Every structure is written in C-alpha cells, then in structure tokens.
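One structure is given here, and the rest of the page talks about it.
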Amino acid sequence: MATGESSDAGPARFGPTEEELGRWMDSAFHVAGDALENGEVPVGCLLVYDDEVVGKGRNEVNESKNATRHAEMVALDQLLAWCRRSGLDVGRVSRRTALYVTVEPCIMCAAALRFLNIPVVVYGCRNERFGGCGSALDVSSADLPQTGTSFQCVSGHRAEEAVEMLKTFYKQENPNGDQKQLCL
Amino acid sequence: MEPQAKRWKGMACDTDSWVAYPVLSDEQSQDVELIEAFAAPIVNKRETSRLVRELNGLYPLNGLQHVKRVRAVKDKVSHHPLEVLLCPVSDAPDAEGVSIETLLPSDAVSPDGLGEPFLVKVPARPPLTRPQFELASQHWPTSFHEDKQVTVALRGELFSPPQKARMHSYMACALAAAKAARELGMEAVGAAVVDPATERIIAVSHDCRGDHPLHHAVMVCIDLVARSQGGGCCSFDRYPACRFTSAASDVIQTAEADAEATPQPYICTGYDLYVTREPCVMCAMALVHSRIGRVFYGSVSADGALGTKFKVHSQKDLNHRFDVYKGVLARQCENLNSAHEHVEGSQDLR
Ligand SMILES: [Zn+2]
Ligand SMILES: [Zn+2]
C-alpha cells in the first residue's frame with residue numbers, strides 16, 4: 001500500500017473529503033433503496049478502503065434467522081473476507097476504512113465497529129431508539145478500553161431521505177408480518 | 001418442600017458454593033435521592049385530620065404520593081407526638097424568613113394547632129426495593145409496594161435447590177466450552193442457550209476470536225440457535241465444543257398440528273443464556289435483538305454491559321428487557337482467566 005509506511009508514523013487524521021463523502025453515501029443510499037424495493041429494511045452500508053468498496057451490506061436477519069445480521073455486520077464480514085483474499089492484515093486495513101451507512105448504527109453494530117478499529121462512521125439519520133453513536137447509548141466514544149477503539153462520527157447527510165425510506169418501509173409492513181418487525 | 005430439598009442434598013456441596021444475585025436497573029439499585037421539605041409539629045392533636053385535609057388541598061404533594069403526610073415522633077425529647085409535612089421547599093412561596101404564616105398565606109389552611117416549621121428531607125421517588133425502602137424510611141415514613149420476587153432475589157434466595165442444580169449443570173457446560181476455547185488458544189469464554197420450558201440445551205459455544213474478531217461466545221451461540229431453527233450464517237463445525245440441538249424433532253411433532261398458527265419463536269424468545277463472563281456491549285445488544293429470556297453469568301468483566309459499564313438489559317426505550325443474574329459458579333468462572341486456573345481446575349476434577 002502506498003500509504004502504508006507513512007500512516008504508521010503518526011496519528012495523521014483519517015477522514016473522507018466532501019467529494020468522497022457525497023459519492024459513497026450516494027452508493028449507500030442506492031443499497032438502501034434496493035432493499036426497500038425488495039421489501040427489506042431500507043438500510044444500506046459500505047466499507048471503503050483506499051477508494052475501494054471492501055464491504056457492502058444490507059440487513060439479512062430474515063434469511064439467516066439471526067437477529068444480529070444487520071447491514072454493518074454483513075459488511076464487516078465481507079471486509080474480513082476481502083483482507084483474507086488480498087493477503088492483507090485486517091488491523092492495517094480496518095484502521096484506514098470508513099463506514100458509510102444511511103442510518104446511525106445500533107448499539108451492537110457500534111461496538112462491532114470499535115472491535116475492528118474502524119476510525120470514521122458517516123451516517124444519514126439518527127436511530128432514536130437503538131443508536132449506538134449517541135442516540136440510545138454513546139458506544140462510539142465511551143471509555144471502553146477492552147472494546148477496541150472509539151470512532152469519529154459524521155452525521156446528517158441526506159438524513160430526511162433516510163427517515164422517509166424507513167417510514168415507507170414501516171407503512172408497507174403488514175401488521176401480521178412479525179417476522180419482519182426488526183430493530184435496526 | 002422438605003423431602004425435595006433432601007433429594008438434592010447430594011448436589012448441595014456444589015450449589016452452596018455460589019449465589020445468583022439479580023443485576024437490577026439503575027432505578028432499582030441507585031441511592032435514595034432526597035429533597036428538602038417543610039414540616040411542623042402538631043401541637044394540638046385534635047386538629048390533625050382537619051390539618052391533613054386542608055394541607056392536601058393547598059399542597060397536594062404531586063409526585064410525592066409515596067411520602068406519608070403525618071409521622072409519629074418516637075423520641076421522648078419532643079413534646080409533640082405528631083409532625084405533619086407542609087410542602088416541598090420548591091413549592092413554598094418566596095418570602096423572607098420562613099414561618100407558618102409565610103408557608104400558609106391563604107385562608108385554605110388555618111394554622112391552628114401547628115408549631116414552628118422546620119426542614120426535613122424526604123425521598124424524591126417511591127422506593128423500588130426493600131433496601132431503598134429502609135433507607136428512605138430513615139428520613140420520613142414512606143409507602144412501599146414491594147415486589148416480593150425482587151426482595152427474595154436480592155437475598156440470593158430466588159432459586160430453589162433443584163433449580164440451582166440445573167443452573168449449575170448449564171453453567172458447567174459453558175465452563176467446559178470455555179476450557180476448550182483456551183486449549184485452542186482463544187479467550188476462555190463459554191456460553192450455553194437453554195430452553196427452560198423443556199430443560200433442553202439448544203446450543204453450546206465458546207469464543208472463536210481466533211478466526212474472526214467478532215465471534216465472541218455469545219455471538220456464536222446466537223448463530224448456533226439460528227442454525228438449530230434452520231438458519232444461521234456461519235459454520236462452527238470445526239469446533240467440537242460448539243454444538244447445537246436441532247429443533248427438528250420438536251418441529252415434526254408439532255408441525256402438522258399448528259404449522260401456520262404458531263410462527264417460529266423470535267430466535268431466542270423464552271430461552272435462557274448461561275455465559276461464563278459478563279457480555280460486552282455488542283453481545284448484550286445482540287441478546288436484546290434476539291429477545292433472550294434471561295441471562296446468567298459467572299464473573300464480571302471490565303467493559304461488561306449487563307451491570308458493569310452499562311445495563312443494556314434495562315436500558316430505557318429498547319423494545320425488549322430481560323432479567324440478569326450474576327454469580328453462577330462465580331469462582332470457577334473467575335478462575336478461567338487467572339494464572340492459577342490449571343491448579344484450581346485439576347482440584348475441581350477430583
Ligand atoms: Zn445494528
Ligand atoms: Zn462480546
């Protein structure tokens with residue numbers, strides 16, 4: 001990696017430019033829109049390393065019958081697989097990877113992002129009930145020395161749109177469709 | 001009662017070595033918050049019922065319904081056997097110098113029969129547990145709607161000897177899995193999910209962080225439960241100590257009768273989790289998402305989220321809450337992470 005050597009020298013601030021932020025969030029919204037069209041929870045996320053998408057996820061709770069298969073968890077699995085395929089060290093990659101997600105990660109996902117030392121999380125709207133970046137709990141910046149590293153949040157990009165997608169989804173929900181009644 | 005207790009005497013040497021205590025919410029376990037209020041002695045006892053009626057009209061003690069209006073004074077120093085609460089200091093009219101006249105400015109309460117006002121402290125909120133009630137009552141008489149189960153649980157007496165024997169055996173499964181993880185060079189943490197209705201162990205797991213930094217024992221156990229229900233997203237087949245009991249045998253029996261009527265349980269609904277160490281915040285929230293029934297853990301952990309750093313199980317506004325008990329096989333669970341474990345472990349096997 002071109003940036004490999006210099007990045008270890010000091011804590012140079014890692015973060016996306018405005019242009020990158022807009023571009024990758026557009027992609028995350030595209031994933032969320034796809035999910036909505038297919039009757040799935042409209043949350044989409046991307047993990048981007050060195051201008052490359054190394055993880056892309058949407059909620060997979062229903063197919064896996066595992067309530068922890070949120071978009072972020074799916075994308076983190078892909079990041080690990082990508083590192084394995086590329087023969088790269090997970091720690092080195094994840095410390096320079098940003099997450100772009102349409103909705104604030106929940107408490108569980110925020111902790112998972114800490115364990116992988118993801119430094120930056122860009123999200124659209126807040127997740128009032130379950131959000132782990134300050135809405136329900138502040139896992140992102142809490143003093144948890146055994147739970148990876150804290151991360152920086154950039155919030156609010158296309159927030160209303162993200163909320164609208166969630167509202168549309170929950171309106172579509174059939175009241176008997178308990179299986180799909182999810183918490184993000 | 002007696003014969004059954006005797007029947008379990010054989011296990012008593014083991015189950016007596018630990019006590020499961022509830023991990024209560026902050027509201028249930030915090031100190032009693034006090035606020036200041038004005039009270040006055042009742043110098044003429046015959047005025048008591050009128051004073052209480054008139055004071056209730058003028059100062060209705062909104063939000064302080066748990067506080068009694070009148071208290072009996074037991075110490076002999078006081079000449080007056082009764083004292084009455086006038087109002088919280090925050091409700092008192094602004095005036096220079098406090099007197100019965102400034103506190104009761106209107107005609108609504110006639111101060112006949114009242115002595116000079118003085119400051120007292122009263123509990124700001126109704127007590128939720130017996131320890132809170134006892135503390136609150138030291139300041140001012142307080143009513144208490146006791147949750148008997150919480151009182152018994154706080155004494156460590158909620159579980160009967162046969163229940164403790166079963167809990168012991170489930171945690172022993174988790175402990176064995178934790179030791180298997182350590183043999184493989186992973187963190188010594190084990191977990192087991194049990195259906196308390198059938199007393200069946202659904203899944204047993206251990207930490208698998210060697211392969212994947214998020215494969216904590218609890219996350220693995222949740223995925224194994226999903227697999228037992230025909231789902232799951234990972235294979236842990238290479239770890240013999242990570243296993244699940246397929247729900248298939250049960251399903252076959254009930255499938256035809258009520259295949260449509262009863263949908264699959266929401267993953268861990270009604271199940272109990274036994275885990276050797278207090279779960280981290282990721283695992284704790286994963287248990288909320290999975291709608292776990294109850295959680296029992298052995299030892300606490302520094303970043304633990306079911307009591308130590310957070311209380312995710314009693315977090316406000318989450319869509320699911322559950323009971324948590326700690327201390328099951330506490331010593332054996334604590335020893336998993338200590339250097340002396342091998343010595344202690346061999347003693348356990350004698
Ligand atoms: Zn999540
Ligand atoms: Zn964990």
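Following the order of the structure tokens, chains are lettered A, B, ..., residues in each are numbered from 1, and ligands are numbered from 1.
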
Counting only C-alpha atoms, which residues from chain B have an atom at most 7 Å from any atom of chain A, and could you show them as a compact mmCIF listing (two decimals) with N, CA, C and O atoms, in the first residue's frame?
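Okay, this is what ended up in result.txt:
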# COMPACT_ATOMS: atom_id res chain seq x y z
N LEU B 214 -15.16 -10.79 15.77
CA LEU B 214 -16.50 -10.58 16.35
C LEU B 214 -17.14 -11.89 16.83
O LEU B 214 -18.27 -11.87 17.32
N ASP B 223 -25.84 -17.59 16.76
CA ASP B 223 -25.88 -18.14 15.40
C ASP B 223 -26.18 -19.64 15.44
O ASP B 223 -26.86 -20.16 14.55
N ALA B 226 -29.80 -20.01 15.79
CA ALA B 226 -30.42 -19.78 14.48
C ALA B 226 -30.29 -21.03 13.61
O ALA B 226 -31.24 -21.43 12.93
N GLY B 231 -31.62 -21.72 10.27
CA GLY B 231 -30.96 -20.53 9.75
C GLY B 231 -29.47 -20.57 10.05
O GLY B 231 -28.84 -21.62 9.93
N GLY B 232 -28.94 -19.42 10.45
CA GLY B 232 -27.52 -19.35 10.75
C GLY B 232 -26.73 -18.81 9.58
O GLY B 232 -27.16 -18.96 8.44
N CYS B 233 -25.60 -18.18 9.88
CA CYS B 233 -24.82 -17.62 8.77
C CYS B 233 -23.39 -18.10 8.77
O CYS B 233 -22.63 -17.74 7.90
N ILE B 267 -36.27 -16.23 17.48
CA ILE B 267 -34.89 -16.65 17.68
C ILE B 267 -34.61 -17.14 19.10
O ILE B 267 -34.54 -18.33 19.32
N VAL B 281 -20.71 -4.99 25.26
CA VAL B 281 -21.87 -4.21 24.80
C VAL B 281 -22.40 -4.77 23.46
O VAL B 281 -23.61 -4.79 23.23
N MET B 282 -21.52 -5.26 22.61
CA MET B 282 -22.01 -5.86 21.35
C MET B 282 -22.88 -7.09 21.65
O MET B 282 -23.99 -7.21 21.13
N CYS B 283 -22.35 -7.97 22.49
CA CYS B 283 -23.08 -9.21 22.79
C CYS B 283 -24.38 -8.91 23.56
O CYS B 283 -25.41 -9.55 23.33
N MET B 285 -26.27 -6.26 23.36
CA MET B 285 -27.29 -5.74 22.45
C MET B 285 -27.75 -6.85 21.49
O MET B 285 -28.93 -6.88 21.11
N ALA B 286 -26.85 -7.75 21.12
CA ALA B 286 -27.25 -8.88 20.29
C ALA B 286 -28.31 -9.72 21.02
O ALA B 286 -29.24 -10.24 20.39
N HIS B 289 -31.61 -7.89 20.65
CA HIS B 289 -32.15 -8.13 19.31
C HIS B 289 -32.74 -9.54 19.20
O HIS B 289 -33.71 -9.76 18.48
N SER B 290 -32.14 -10.48 19.89
CA SER B 290 -32.58 -11.89 19.80
C SER B 290 -33.70 -12.21 20.77
O SER B 290 -34.17 -13.35 20.80
N ASP B 303 -15.41 -4.19 30.80
CA ASP B 303 -16.26 -3.44 29.88
C ASP B 303 -17.66 -4.05 29.79
O ASP B 303 -18.38 -3.81 28.82
N ASP B 317 -36.33 2.61 26.68
CA ASP B 317 -36.74 2.77 25.27
C ASP B 317 -36.35 1.61 24.35
O ASP B 317 -36.73 1.61 23.20
N LEU B 318 -35.58 0.65 24.83
CA LEU B 318 -35.33 -0.50 23.97
C LEU B 318 -36.60 -1.35 23.96
O LEU B 318 -37.40 -1.31 24.88

Checklist entry - When DSSP works through the backbone of this structure, what residues of region 20-162 of chain A end up as alpha helix (DSSP H), shown as a PyMOL selection string? => result chain A and resi 20-37+61-64+71-86+90-94+107-115+159-162

Next on the checklist: Measuring between only C-alpha atoms and all ligand atoms, which one of A:Asn59, A:Ser135, A:Ser141, A:Asn117 shows the shortest distance to ligand 1?
Outcome noted: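 The closest residue to ligand 1 is A:Asn59.
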
Checklist entry - Do you know which residues are at most 12 Å from Arg69 (chain B) counting only C-alpha atoms, after dropping those on the same chain fewer than 6 positions away, and could you put them as a PyMOL selection string? => result chain B and resi 37-42+48-49+51-56+59-61+82-88+122+140-143

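One distance worth recording is that between CA of Asp91 (chain B) and CA of Glu116 (chain B), which is 17.9 Å.
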
Item to check | Val275 (chain B) environment, 7 Å, only C-alpha atoms, sequence neighbours closer than 6 positions dropped, as a count of residues only | outcome: 8

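The closest residue to ligand 2, picked from B:Leu287, B:Val98, B:Leu104, B:Ile292 and counting only C-alpha atoms and all ligand atoms, is B:Leu287.
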
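When the distance limit is 12 Å and only C-alpha atoms are what count, the residues near Leu135 (chain B), minus those fewer than 2 positions from it on the same chain, are Gln30, Asp31, Val32, Glu33, Leu34, Lys121, Val122, Pro123, Pro126, Pro127, Leu128, Thr129, Arg130, Pro131, Gln132, Phe133, Ser137, Gln138, His139, Trp140, Pro141, Thr142 and Phe144 of chain B.
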
Next on the checklist: Neighbouring residues of region 15-27 of chain A were defined as those with any atom within 8 Å, considering only C-alpha atoms; residues of the same chain fewer than 4 positions away were excluded. Please report them as a ChimeraX atom specification.
Outcome noted: /A:31,46,98,100-102,120,122,157

Please produce an output containing all heavy atoms for each residue in the selection, written as a PDB file, in the first residue's frame.
ATOM      1  N   VAL A  31     -27.994   1.138  -2.115  1.00  0.00           N
ATOM      2  CA  VAL A  31     -28.184  -0.181  -1.487  1.00  0.00           C
ATOM      3  C   VAL A  31     -29.478  -0.179  -0.663  1.00  0.00           C
ATOM      4  O   VAL A  31     -30.274  -1.121  -0.723  1.00  0.00           O
ATOM      5  CB  VAL A  31     -26.980  -0.538  -0.578  1.00  0.00           C
ATOM      6  CG1 VAL A  31     -27.209  -1.869   0.127  1.00  0.00           C
ATOM      7  CG2 VAL A  31     -25.689  -0.584  -1.393  1.00  0.00           C
ATOM      8  N   LEU A  46     -21.650   0.747   3.261  1.00  0.00           N
ATOM      9  CA  LEU A  46     -20.441   0.422   2.515  1.00  0.00           C
ATOM     10  C   LEU A  46     -19.249   0.595   3.437  1.00  0.00           C
ATOM     11  O   LEU A  46     -19.231   1.516   4.262  1.00  0.00           O
ATOM     12  CB  LEU A  46     -20.227   1.409   1.367  1.00  0.00           C
ATOM     13  CG  LEU A  46     -21.223   1.561   0.247  1.00  0.00           C
ATOM     14  CD1 LEU A  46     -20.688   2.619  -0.703  1.00  0.00           C
ATOM     15  CD2 LEU A  46     -21.412   0.263  -0.487  1.00  0.00           C
ATOM     16  N   ALA A  98     -13.453   3.533   6.160  1.00  0.00           N
ATOM     17  CA  ALA A  98     -14.598   4.316   6.658  1.00  0.00           C
ATOM     18  C   ALA A  98     -15.882   3.556   6.357  1.00  0.00           C
ATOM     19  O   ALA A  98     -15.985   2.853   5.349  1.00  0.00           O
ATOM     20  CB  ALA A  98     -14.630   5.687   5.989  1.00  0.00           C
ATOM     21  N   TYR A 100     -19.867   3.976   5.562  1.00  0.00           N
ATOM     22  CA  TYR A 100     -20.928   4.883   5.115  1.00  0.00           C
ATOM     23  C   TYR A 100     -22.235   4.117   5.268  1.00  0.00           C
ATOM     24  O   TYR A 100     -22.386   3.035   4.701  1.00  0.00           O
ATOM     25  CB  TYR A 100     -20.716   5.276   3.643  1.00  0.00           C
ATOM     26  CG  TYR A 100     -19.415   6.003   3.414  1.00  0.00           C
ATOM     27  CD1 TYR A 100     -18.246   5.297   3.166  1.00  0.00           C
ATOM     28  CD2 TYR A 100     -19.367   7.396   3.471  1.00  0.00           C
ATOM     29  CE1 TYR A 100     -17.043   5.965   2.974  1.00  0.00           C
ATOM     30  CE2 TYR A 100     -18.170   8.072   3.288  1.00  0.00           C
ATOM     31  CZ  TYR A 100     -17.012   7.353   3.036  1.00  0.00           C
ATOM     32  OH  TYR A 100     -15.828   8.017   2.858  1.00  0.00           O
ATOM     33  N   VAL A 101     -23.152   4.672   6.034  1.00  0.00           N
ATOM     34  CA  VAL A 101     -24.403   3.949   6.309  1.00  0.00           C
ATOM     35  C   VAL A 101     -25.548   4.956   6.386  1.00  0.00           C
ATOM     36  O   VAL A 101     -25.365   6.075   6.870  1.00  0.00           O
ATOM     37  CB  VAL A 101     -24.268   3.067   7.586  1.00  0.00           C
ATOM     38  CG1 VAL A 101     -23.901   3.910   8.806  1.00  0.00           C
ATOM     39  CG2 VAL A 101     -25.524   2.266   7.861  1.00  0.00           C
ATOM     40  N   THR A 102     -26.709   4.548   5.878  1.00  0.00           N
ATOM     41  CA  THR A 102     -27.818   5.509   5.763  1.00  0.00           C
ATOM     42  C   THR A 102     -28.430   5.838   7.132  1.00  0.00           C
ATOM     43  O   THR A 102     -29.010   6.903   7.301  1.00  0.00           O
ATOM     44  CB  THR A 102     -28.907   4.956   4.827  1.00  0.00           C
ATOM     45  OG1 THR A 102     -29.275   3.643   5.258  1.00  0.00           O
ATOM     46  CG2 THR A 102     -28.392   4.874   3.395  1.00  0.00           C
ATOM     47  N   VAL A 120     -13.797   5.987  11.255  1.00  0.00           N
ATOM     48  CA  VAL A 120     -14.789   7.002  10.873  1.00  0.00           C
ATOM     49  C   VAL A 120     -16.088   6.343  10.441  1.00  0.00           C
ATOM     50  O   VAL A 120     -16.075   5.377   9.666  1.00  0.00           O
ATOM     51  CB  VAL A 120     -14.267   7.866   9.694  1.00  0.00           C
ATOM     52  CG1 VAL A 120     -15.334   8.853   9.234  1.00  0.00           C
ATOM     53  CG2 VAL A 120     -13.007   8.607  10.080  1.00  0.00           C
ATOM     54  N   VAL A 122     -19.751   7.497   8.788  1.00  0.00           N
ATOM     55  CA  VAL A 122     -20.582   8.545   8.195  1.00  0.00           C
ATOM     56  C   VAL A 122     -21.989   7.988   8.108  1.00  0.00           C
ATOM     57  O   VAL A 122     -22.194   6.914   7.530  1.00  0.00           O
ATOM     58  CB  VAL A 122     -20.081   8.911   6.784  1.00  0.00           C
ATOM     59  CG1 VAL A 122     -20.950  10.021   6.182  1.00  0.00           C
ATOM     60  CG2 VAL A 122     -18.619   9.333   6.821  1.00  0.00           C
ATOM     61  N   HIS A 157     -26.009  13.512   6.663  1.00  0.00           N
ATOM     62  CA  HIS A 157     -26.037  13.564   5.198  1.00  0.00           C
ATOM     63  C   HIS A 157     -27.296  12.880   4.658  1.00  0.00           C
ATOM     64  O   HIS A 157     -27.499  11.699   4.862  1.00  0.00           O
ATOM     65  CB  HIS A 157     -24.775  12.898   4.648  1.00  0.00           C
ATOM     66  CG  HIS A 157     -24.633  13.055   3.164  1.00  0.00           C
ATOM     67  ND1 HIS A 157     -24.141  14.198   2.575  1.00  0.00           N
ATOM     68  CD2 HIS A 157     -24.947  12.218   2.154  1.00  0.00           C
ATOM     69  CE1 HIS A 157     -24.142  14.059   1.269  1.00  0.00           C
ATOM     70  NE2 HIS A 157     -24.632  12.869   0.976  1.00  0.00           N
TER      71      HIS A 157
END

Determine, using only C-alpha atoms and all ligand atoms, which residues of chain B have any atom at most 12 Å from an atom of ligand 2, and tabulate each with its shortest atom pair and distance in Å to one decimal place, rows ordered by chain and then rising number, as a Markdown table.
| residue | atom | partner | partner_atom_place_in_ligand_line | distance |
| --- | --- | --- | --- | --- |
| B:Glu187 | CA | ligand 2 | 1 (Zn) | 11.0 |
| B:Val189 | CA | ligand 2 | 1 (Zn) | 9.7 |
| B:Gly190 | CA | ligand 2 | 1 (Zn) | 11.1 |
| B:Ala191 | CA | ligand 2 | 1 (Zn) | 11.1 |
| B:His206 | CA | ligand 2 | 1 (Zn) | 11.1 |
| B:Asp207 | CA | ligand 2 | 1 (Zn) | 8.9 |
| B:Cys208 | CA | ligand 2 | 1 (Zn) | 10.9 |
| B:Arg209 | CA | ligand 2 | 1 (Zn) | 10.1 |
| B:Pro213 | CA | ligand 2 | 1 (Zn) | 9.7 |
| B:Leu214 | CA | ligand 2 | 1 (Zn) | 7.4 |
| B:His215 | CA | ligand 2 | 1 (Zn) | 7.9 |
| B:His216 | CA | ligand 2 | 1 (Zn) | 4.9 |
| B:Ala217 | CA | ligand 2 | 1 (Zn) | 7.0 |
| B:Val218 | CA | ligand 2 | 1 (Zn) | 6.4 |
| B:Met219 | CA | ligand 2 | 1 (Zn) | 7.1 |
| B:Val220 | CA | ligand 2 | 1 (Zn) | 9.8 |
| B:Cys221 | CA | ligand 2 | 1 (Zn) | 11.1 |
| B:Ile222 | CA | ligand 2 | 1 (Zn) | 11.6 |
| B:Val275 | CA | ligand 2 | 1 (Zn) | 10.6 |
| B:Thr276 | CA | ligand 2 | 1 (Zn) | 11.7 |
| B:Arg277 | CA | ligand 2 | 1 (Zn) | 9.4 |
| B:Glu278 | CA | ligand 2 | 1 (Zn) | 8.5 |
| B:Pro279 | CA | ligand 2 | 1 (Zn) | 5.1 |
| B:Cys280 | CA | ligand 2 | 1 (Zn) | 4.2 |
| B:Val281 | CA | ligand 2 | 1 (Zn) | 6.5 |
| B:Met282 | CA | ligand 2 | 1 (Zn) | 5.4 |
| B:Cys283 | CA | ligand 2 | 1 (Zn) | 4.2 |
| B:Ala284 | CA | ligand 2 | 1 (Zn) | 7.2 |
| B:Met285 | CA | ligand 2 | 1 (Zn) | 9.4 |
| B:Ala286 | CA | ligand 2 | 1 (Zn) | 8.9 |
| B:Leu287 | CA | ligand 2 | 1 (Zn) | 10.3 |
| B:Ser301 | CA | ligand 2 | 1 (Zn) | 10.4 |
| B:Ala302 | CA | ligand 2 | 1 (Zn) | 11.9 |
| B:Asp303 | CA | ligand 2 | 1 (Zn) | 9.5 |
| B:Gly304 | CA | ligand 2 | 1 (Zn) | 8.6 |
| B:Ala305 | CA | ligand 2 | 1 (Zn) | 9.2 |
| B:Leu306 | CA | ligand 2 | 1 (Zn) | 11.1 |

Item to check | Option closest in space to ligand 1, from B:Leu224, B:Val288, B:Ala72, B:Val312 [counting only C-alpha atoms and all ligand atoms] | outcome: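 Of the candidates, the smallest distance to ligand 1 is held by B:Val288.
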
Excluding region 53-58 of chain A and its own-chain neighbours fewer than 5 positions away, which residues fall within 6 Å of it when counting only C-alpha atoms? Please give them as a PDB file with N, CA, C and O atoms, in the first residue's frame.
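Result file is result_11.pdb:
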ATOM      1  N   GLY A  44     -28.628   0.710   4.107  1.00  0.00           N
ATOM      2  CA  GLY A  44     -27.528   0.231   3.281  1.00  0.00           C
ATOM      3  C   GLY A  44     -26.225   0.752   3.818  1.00  0.00           C
ATOM      4  O   GLY A  44     -26.187   1.840   4.396  1.00  0.00           O
ATOM      5  N   CYS A  45     -25.158  -0.036   3.673  1.00  0.00           N
ATOM      6  CA  CYS A  45     -23.862   0.469   4.120  1.00  0.00           C
ATOM      7  C   CYS A  45     -22.735  -0.014   3.234  1.00  0.00           C
ATOM      8  O   CYS A  45     -22.843  -1.029   2.549  1.00  0.00           O
ATOM      9  N   LEU A  46     -21.650   0.747   3.261  1.00  0.00           N
ATOM     10  CA  LEU A  46     -20.441   0.422   2.515  1.00  0.00           C
ATOM     11  C   LEU A  46     -19.249   0.595   3.437  1.00  0.00           C
ATOM     12  O   LEU A  46     -19.231   1.516   4.262  1.00  0.00           O
ATOM     13  N   LEU A  47     -18.252  -0.267   3.272  1.00  0.00           N
ATOM     14  CA  LEU A  47     -16.962  -0.062   3.919  1.00  0.00           C
ATOM     15  C   LEU A  47     -15.987   0.258   2.806  1.00  0.00           C
ATOM     16  O   LEU A  47     -15.887  -0.496   1.829  1.00  0.00           O
ATOM     17  N   VAL A  48     -15.317   1.386   2.927  1.00  0.00           N
ATOM     18  CA  VAL A  48     -14.438   1.839   1.840  1.00  0.00           C
ATOM     19  C   VAL A  48     -13.014   1.969   2.361  1.00  0.00           C
ATOM     20  O   VAL A  48     -12.756   2.650   3.359  1.00  0.00           O
ATOM     21  N   ALA A  71     -26.935  -4.790   8.519  1.00  0.00           N
ATOM     22  CA  ALA A  71     -26.133  -4.428   7.347  1.00  0.00           C
ATOM     23  C   ALA A  71     -24.647  -4.279   7.699  1.00  0.00           C
ATOM     24  O   ALA A  71     -23.782  -4.776   6.971  1.00  0.00           O
ATOM     25  N   VAL A  74     -22.882  -7.615   8.257  1.00  0.00           N
ATOM     26  CA  VAL A  74     -22.681  -8.291   6.973  1.00  0.00           C
ATOM     27  C   VAL A  74     -21.479  -7.671   6.251  1.00  0.00           C
ATOM     28  O   VAL A  74     -20.596  -8.376   5.750  1.00  0.00           O
ATOM     29  N   ALA A  75     -21.416  -6.344   6.259  1.00  0.00           N
ATOM     30  CA  ALA A  75     -20.316  -5.660   5.575  1.00  0.00           C
ATOM     31  C   ALA A  75     -18.972  -5.940   6.253  1.00  0.00           C
ATOM     32  O   ALA A  75     -17.956  -6.102   5.581  1.00  0.00           O
ATOM     33  N   GLN A  78     -17.602  -9.111   5.151  1.00  0.00           N
ATOM     34  CA  GLN A  78     -17.027  -9.001   3.811  1.00  0.00           C
ATOM     35  C   GLN A  78     -15.636  -8.365   3.858  1.00  0.00           C
ATOM     36  O   GLN A  78     -14.739  -8.765   3.115  1.00  0.00           O
ATOM     37  N   LEU A  79     -15.474  -7.382   4.733  1.00  0.00           N
ATOM     38  CA  LEU A  79     -14.156  -6.759   4.905  1.00  0.00           C
ATOM     39  C   LEU A  79     -13.116  -7.816   5.300  1.00  0.00           C
ATOM     40  O   LEU A  79     -12.021  -7.862   4.745  1.00  0.00           O
TER      41      LEU A  79
END
